[in-house]
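Coordinates as given in protein.cif (mmCIF, C-alpha atoms and all ligand atoms):
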data_start
#
loop_
_atom_site.label_atom_id
_atom_site.label_comp_id
_atom_site.auth_asym_id
_atom_site.auth_seq_id
_atom_site.Cartn_x
_atom_site.Cartn_y
_atom_site.Cartn_z
CA MET A 1 56.36 -13.81 45.78
CA SER A 2 54.21 -11.99 48.31
CA ALA A 3 51.32 -9.71 47.43
CA GLN A 4 53.35 -6.80 48.81
CA ASN A 5 55.96 -7.18 46.06
CA LEU A 6 53.59 -7.22 43.11
CA LEU A 7 51.16 -4.52 42.13
CA LEU A 8 48.67 -5.17 39.35
CA VAL A 9 47.27 -1.93 37.99
CA GLY A 10 44.00 -2.33 36.13
CA ARG A 11 40.24 -2.47 36.42
CA SER A 12 37.88 -5.25 37.48
CA SER A 13 35.74 -4.41 34.45
CA SER A 14 38.60 -4.78 31.96
CA HIS A 15 38.97 -7.93 29.86
CA PHE A 16 42.74 -7.45 29.40
CA THR A 17 43.07 -7.12 33.19
CA ARG A 18 40.98 -10.24 33.71
CA VAL A 19 43.34 -12.25 31.49
CA THR A 20 46.20 -11.45 33.88
CA ARG A 21 44.10 -12.22 36.96
CA VAL A 22 43.15 -15.65 35.59
CA PHE A 23 46.84 -16.38 35.01
CA ALA A 24 47.81 -15.12 38.49
CA HIS A 25 45.12 -17.30 40.05
CA ASP A 26 46.10 -20.47 38.20
CA LEU A 27 49.77 -19.81 38.86
CA GLY A 28 49.13 -19.15 42.55
CA VAL A 29 50.79 -15.73 42.43
CA ALA A 30 49.48 -13.19 44.95
CA TYR A 31 49.35 -9.50 44.12
CA THR A 32 47.95 -6.22 45.33
CA PHE A 33 45.37 -4.73 42.98
CA GLN A 34 45.34 -1.03 42.20
CA VAL A 35 42.35 0.36 40.32
CA VAL A 36 42.78 2.89 37.52
CA ARG A 37 39.81 5.10 38.27
CA ASP A 38 39.60 7.14 35.10
CA LEU A 39 40.09 5.36 31.78
CA ARG A 40 40.17 8.75 30.05
CA ALA A 41 43.05 10.10 32.15
CA LEU A 42 45.67 11.74 29.92
CA GLU A 43 48.69 11.36 32.23
CA SER A 44 50.76 8.19 31.91
CA ASP A 45 51.19 8.21 35.71
CA ALA A 46 47.59 7.03 35.97
CA TYR A 47 48.64 3.87 34.09
CA ARG A 48 51.90 3.37 35.97
CA GLY A 49 53.88 5.08 33.25
CA ASN A 50 52.45 3.30 30.19
CA PRO A 51 52.79 6.00 27.51
CA ALA A 52 50.06 4.33 25.45
CA LEU A 53 47.68 5.26 28.33
CA ARG A 54 46.44 1.71 28.63
CA LEU A 55 46.03 -0.88 31.32
CA PRO A 56 46.88 -3.34 32.81
CA SER A 57 50.41 -2.84 34.12
CA LEU A 58 52.33 -4.97 36.59
CA VAL A 59 54.81 -3.33 38.94
CA ALA A 60 57.29 -6.04 39.93
CA PRO A 61 60.80 -6.17 41.40
CA SER A 62 62.05 -6.86 37.86
CA GLY A 63 60.43 -3.71 36.46
CA THR A 64 57.07 -2.44 35.29
CA TRP A 65 55.42 -4.57 32.62
CA TYR A 66 52.88 -3.11 30.22
CA GLY A 67 50.16 -5.21 28.58
CA SER A 68 48.51 -8.48 29.42
CA LEU A 69 50.84 -10.86 27.56
CA ASN A 70 53.97 -9.33 29.12
CA ILE A 71 52.32 -9.51 32.52
CA CYS A 72 51.24 -13.13 32.13
CA ARG A 73 54.76 -14.11 31.12
CA GLU A 74 56.26 -12.34 34.15
CA LEU A 75 53.70 -14.00 36.43
CA ALA A 76 54.70 -17.38 35.01
CA ARG A 77 58.38 -16.62 35.64
CA LEU A 78 57.62 -15.60 39.23
CA ALA A 79 55.37 -18.55 40.03
CA THR A 80 56.61 -21.39 42.16
CA ARG A 81 53.76 -23.55 40.91
CA SER A 82 54.70 -25.31 37.69
CA ILE A 83 51.88 -25.61 35.17
CA ARG A 84 51.82 -26.34 31.45
CA ILE A 85 51.09 -23.10 29.58
CA VAL A 86 50.59 -22.70 25.85
CA TRP A 87 51.77 -19.25 24.68
CA PRO A 88 50.80 -17.57 21.38
CA GLU A 89 54.12 -18.38 19.69
CA GLN A 90 53.51 -22.09 20.27
CA LEU A 91 50.30 -22.14 18.25
CA ARG A 92 50.84 -24.33 15.20
CA GLY A 93 48.69 -24.05 12.11
CA ALA A 94 46.69 -21.20 10.66
CA ALA A 95 43.42 -21.99 12.43
CA LEU A 96 44.81 -21.70 15.96
CA ALA A 97 47.09 -18.78 15.14
CA ASN A 98 44.20 -16.93 13.51
CA LEU A 99 41.97 -17.71 16.48
CA GLN A 100 44.50 -15.95 18.70
CA GLU A 101 44.97 -13.00 16.33
CA LEU A 102 41.24 -12.45 15.84
CA THR A 103 40.48 -12.79 19.54
CA LEU A 104 43.03 -10.12 20.48
CA GLN A 105 41.90 -7.87 17.64
CA ALA A 106 38.27 -8.25 18.73
CA MET A 107 39.24 -7.34 22.30
CA SER A 108 40.86 -4.14 21.02
CA THR A 109 37.93 -3.38 18.72
CA GLU A 110 35.61 -3.80 21.66
CA VAL A 111 37.66 -1.32 23.70
CA GLU A 112 37.36 1.17 20.84
CA LEU A 113 33.60 0.72 20.69
CA VAL A 114 33.13 1.04 24.44
CA MET A 115 35.24 4.21 24.55
CA ASN A 116 33.86 5.75 21.37
CA ASP A 117 32.11 9.11 21.76
CA ALA A 118 30.63 8.92 18.25
CA PRO A 119 28.80 5.58 17.99
CA GLN A 120 27.09 6.59 14.72
CA SER A 121 30.32 7.46 12.92
CA ALA A 122 31.46 5.59 9.80
CA LEU A 123 34.43 4.27 11.75
CA ALA A 124 32.27 2.91 14.56
CA THR A 125 30.03 1.25 11.95
CA LYS A 126 33.07 -0.40 10.40
CA ARG A 127 34.34 -1.54 13.80
CA ARG A 128 30.97 -3.15 14.61
CA GLU A 129 31.06 -4.96 11.25
CA SER A 130 34.60 -6.07 12.04
CA LEU A 131 33.44 -7.48 15.37
CA LEU A 132 30.46 -9.25 13.82
CA GLY A 133 32.56 -10.80 11.07
CA THR A 134 35.15 -11.87 13.62
CA LEU A 135 32.54 -13.51 15.84
CA ARG A 136 31.15 -15.41 12.85
CA TRP A 137 34.65 -16.64 12.03
CA LEU A 138 35.35 -17.58 15.63
CA GLU A 139 32.06 -19.47 15.82
CA GLN A 140 32.87 -21.47 12.69
CA ASN A 141 36.42 -22.29 13.68
CA VAL A 142 36.58 -22.44 17.49
CA ASP A 143 36.05 -26.17 18.00
CA ASP A 144 38.43 -27.38 15.29
CA ALA A 145 41.09 -24.85 16.23
CA LEU A 146 41.04 -25.57 19.98
CA ALA A 147 41.16 -29.32 19.27
CA GLU A 148 44.67 -28.71 17.93
CA LEU A 149 45.98 -27.37 21.25
CA PRO A 150 48.56 -29.61 22.94
CA PRO A 151 47.93 -30.98 26.46
CA ARG A 152 47.97 -28.02 28.87
CA ASP A 153 46.78 -26.54 32.12
CA LEU A 154 46.31 -23.08 30.64
CA SER A 155 46.61 -21.34 27.29
CA TYR A 156 46.68 -17.65 26.47
CA VAL A 157 44.34 -18.23 23.54
CA GLU A 158 41.62 -19.82 25.68
CA VAL A 159 41.90 -17.24 28.46
CA THR A 160 41.69 -14.32 26.03
CA LEU A 161 38.77 -15.89 24.16
CA PHE A 162 36.91 -16.45 27.41
CA CYS A 163 37.54 -12.87 28.55
CA LEU A 164 36.41 -11.50 25.17
CA LEU A 165 33.15 -13.46 25.13
CA THR A 166 32.18 -12.69 28.72
CA HIS A 167 33.10 -9.03 28.27
CA LEU A 168 30.88 -8.66 25.20
CA GLU A 169 27.95 -9.63 27.41
CA PHE A 170 29.12 -7.70 30.46
CA ARG A 171 29.47 -4.43 28.53
CA LYS A 172 26.48 -5.26 26.30
CA VAL A 173 28.52 -4.61 23.18
CA LEU A 174 26.99 -7.53 21.27
CA PRO A 175 24.79 -10.44 22.28
CA THR A 176 26.52 -13.82 22.12
CA GLU A 177 23.30 -15.88 21.77
CA PRO A 178 23.78 -16.45 18.02
CA TYR A 179 27.12 -18.16 18.66
CA ALA A 180 26.33 -21.54 20.22
CA ARG A 181 29.83 -23.04 20.02
CA LEU A 182 31.43 -19.96 21.51
CA ARG A 183 28.88 -19.95 24.31
CA ARG A 184 29.54 -23.62 25.04
CA PHE A 185 33.24 -22.87 25.23
CA ALA A 186 32.70 -19.88 27.56
CA GLU A 187 30.32 -21.84 29.81
CA ALA A 188 32.80 -24.69 30.19
CA PHE A 189 35.77 -22.39 30.78
CA GLY A 190 33.68 -20.31 33.18
CA GLU A 191 33.50 -23.24 35.59
CA ARG A 192 37.20 -22.97 36.36
CA GLU A 193 38.05 -21.59 39.81
CA SER A 194 40.09 -18.80 38.25
CA ALA A 195 37.15 -17.71 36.10
CA VAL A 196 34.76 -17.68 39.05
CA ALA A 197 37.28 -15.71 41.12
CA THR A 198 37.69 -12.98 38.50
CA VAL A 199 34.12 -12.15 37.49
CA PHE A 200 33.78 -8.69 35.90
CA ALA A 201 32.64 -5.86 38.14
CA PHE A 202 32.71 -2.09 38.07
CA ASP A 203 35.20 -0.85 40.66
N1 LIG B 1 47.72 -4.59 24.32
C1 LIG B 1 47.14 -4.24 25.61
C2 LIG B 1 45.78 -3.61 25.39
C3 LIG B 1 45.24 -3.01 26.66
C4 LIG B 1 43.94 -2.23 26.51
O1 LIG B 1 43.51 -1.85 25.40
N2 LIG B 1 43.32 -1.99 27.67
C5 LIG B 1 42.12 -1.19 27.72
C6 LIG B 1 41.27 -1.58 28.91
S1 LIG B 1 40.65 -3.24 28.78
C7 LIG B 1 42.52 0.27 27.88
O2 LIG B 1 43.49 0.56 28.52
N3 LIG B 1 41.75 1.17 27.31
C8 LIG B 1 41.98 2.59 27.43
C9 LIG B 1 42.03 3.24 26.09
O3 LIG B 1 41.81 2.56 25.06
O4 LIG B 1 42.26 4.44 26.04
C10 LIG B 1 47.10 -5.48 26.50
O5 LIG B 1 47.23 -6.61 25.98
O6 LIG B 1 46.95 -5.37 27.72
#
Entire entry expressed as structure tokens:
Amino acid sequence: MSAQNLLLVGRSSSHFTRVTRVFAHDLGVAYTFQVVRDLRALESDAYRGNPALRLPSLVAPSGTWYGSLNICRELARLATRSIRIVWPEQLRGAALANLQELTLQAMSTEVELVMNDAPQSALATKRRESLLGTLRWLEQNVDDALAELPPRDLSYVEVTLFCLLTHLEFRKVLPTEPYARLRRFAEAFGERESAVATVFAFD
């Protein structure tokens, strides 16, 4: 698949976009990147038709795919490189499944906090508590949960967790210093070529 046939619509500062770029890199799938300039745009055209007004989207010969998991799956179908991927539905046991759920929820909570115009509101206070409680849970459970993953080259749960943790620092939403195990995980994962190639930046 040539870069001309695939258009990834997102932002270099977006953690959900980064998830898809890590997958594309590891899968060896080339794409053209189109930046969504205004995250507050109210027309779905700005997001390649996504009526939820969210990014990323992937415009492919098979159709336009909304959301990072859909996009990663389509990238895996398009790839000629064969790698072992662990998808969310393959996670066995509550610890790993909850790690995935809480990571994705924290990513969404973080988006809400970054976009929030009323940081002192009761809702924003609750969301920050939610994020703090989630990080405490992730810290306590990350090592045992990840130890249950089967042999793999890539897993959605690890990529999303890495993108969450690095984004918290990048957008200065919360410091990650108190979470030593999570930081160790992020440091180790951050050495991968695909992590180095997709470092957050403001477009
Ligand atoms: N479920 C979507 C969530 C995407 C999402 O929330 N993206 C953020 C940027 S990282 C966004 O579009 N935010 C705009 C908004 O919340 O209005 C996915 O997995 O890609």
Ligand LIG 1 (chain B): which residues are within 7 Å, counting all atoms listed in the file? Reply as an mmCIF file with C-alpha atoms, in the frame of the given file.
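Result file follows (selection.cif):
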data_model
loop_
_atom_site.group_PDB
_atom_site.id
_atom_site.type_symbol
_atom_site.label_atom_id
_atom_site.label_comp_id
_atom_site.auth_asym_id
_atom_site.auth_seq_id
_atom_site.Cartn_x
_atom_site.Cartn_y
_atom_site.Cartn_z
ATOM 1 C CA SER A 14 38.600 -4.780 31.960
ATOM 2 C CA HIS A 15 38.970 -7.930 29.860
ATOM 3 C CA PHE A 16 42.740 -7.450 29.400
ATOM 4 C CA THR A 17 43.070 -7.120 33.190
ATOM 5 C CA LEU A 39 40.090 5.360 31.780
ATOM 6 C CA ARG A 40 40.170 8.750 30.050
ATOM 7 C CA LEU A 53 47.680 5.260 28.330
ATOM 8 C CA ARG A 54 46.440 1.710 28.630
ATOM 9 C CA LEU A 55 46.030 -0.880 31.320
ATOM 10 C CA PRO A 56 46.880 -3.340 32.810
ATOM 11 C CA TYR A 66 52.880 -3.110 30.220
ATOM 12 C CA GLY A 67 50.160 -5.210 28.580
ATOM 13 C CA SER A 68 48.510 -8.480 29.420
ATOM 14 C CA LEU A 69 50.840 -10.860 27.560
ATOM 15 C CA SER A 108 40.860 -4.140 21.020
ATOM 16 C CA VAL A 111 37.660 -1.320 23.700
ATOM 17 C CA GLU A 112 37.360 1.170 20.840
ATOM 18 C CA MET A 115 35.240 4.210 24.550
#
Looking at only C-alpha atoms, which of A:Val19, A:Ala124, A:Val35, A:Leu146 is the one that sits closest to Arg73 (chain A)?
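Nearest candidate to Arg73 (chain A) out of A:Val19, A:Ala124, A:Val35, A:Leu146: A:Val19.
Distance-wise, CA of Leu149 (chain A) and CA of Glu177 (chain A) end up 25.4 Å apart.
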Which residue out of A:Asp26, A:Glu74, A:Glu43, A:Arg81 has the minimum interatomic distance to Leu6 (chain A) when only C-alpha atoms are used?
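Going through A:Asp26, A:Glu74, A:Glu43, A:Arg81 one by one, the smallest distance to Leu6 (chain A) is for A:Glu74.
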Would you mind reading off the distance between CA of Val157 (chain A) and CA of Val142 (chain A), one decimal, in Å?
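Going from CA of Val157 (chain A) over to CA of Val142 (chain A) covers 10.7 Å.
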Mind checking which residues fall within 9 Å of Glu158 (chain A), counting all atoms listed in the file, ignoring those fewer than 2 positions away in the same chain, and posting them as a list in words?
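Once the nearby chain positions are removed, what remains is Gln100, Leu146, Leu154, Ser155, Tyr156, Thr160, Leu161, Phe162, Cys163, Phe185 and Phe189 of chain A.
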Counting all atoms listed in the file, find residues at most 10 Å from (48.5, 1.3, 37.0) (file frame) and give them as a list in words.
Leu7, Leu8, Val9, Gly10, Arg11, Phe33, Gln34, Val35, Val36, Arg37, Ser44, Asp45, Ala46, Tyr47, Arg48, Gly49, Asn50, Leu53, Arg54, Leu55, Pro56, Ser57, Leu58, Val59, Thr64 and Tyr66 of chain A
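With only C-alpha atoms as the atoms that count, the residue of A:Arg128, A:Arg136, A:Lys172, A:His25 with the shortest distance to Leu75 (chain A) is A:His25.
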Nearest to Ala95 (chain A) among A:Ala60, A:Ala147, A:Leu135, A:Ala79, with distances taken over all atoms listed in the file: which residue is it?
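Among A:Ala60, A:Ala147, A:Leu135, A:Ala79, it is A:Ala147 that comes nearest to Ala95 (chain A).
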Rank nothing, just name the residue among A:Ser130, A:Ser194, A:Gln140, A:Thr80 nearest to Thr20 (chain A), using only C-alpha atoms.
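Among the listed residues, the smallest separation from Thr20 (chain A) belongs to A:Ser194.
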Atomic distance CA of Arg152 (chain A) - CA of Leu168 (chain A), expressed in Å with one decimal:
26.1 Å
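Comparing the minimum interatomic distances between Glu187 (chain A) and each of A:Glu101, A:Glu148, A:Leu138, A:Leu165, counting all atoms listed in the file, we find that A:Leu165 sits nearest.
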Do you know which residues are at most 9 Å from Ala97 (chain A) counting all atoms listed in the file, after dropping those on the same chain fewer than 6 positions away, and could you put them as a list in words?
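In the requested form, the answer reads Pro88, Glu89, Gln90, Leu91, Ala145 and Val157 of chain A.
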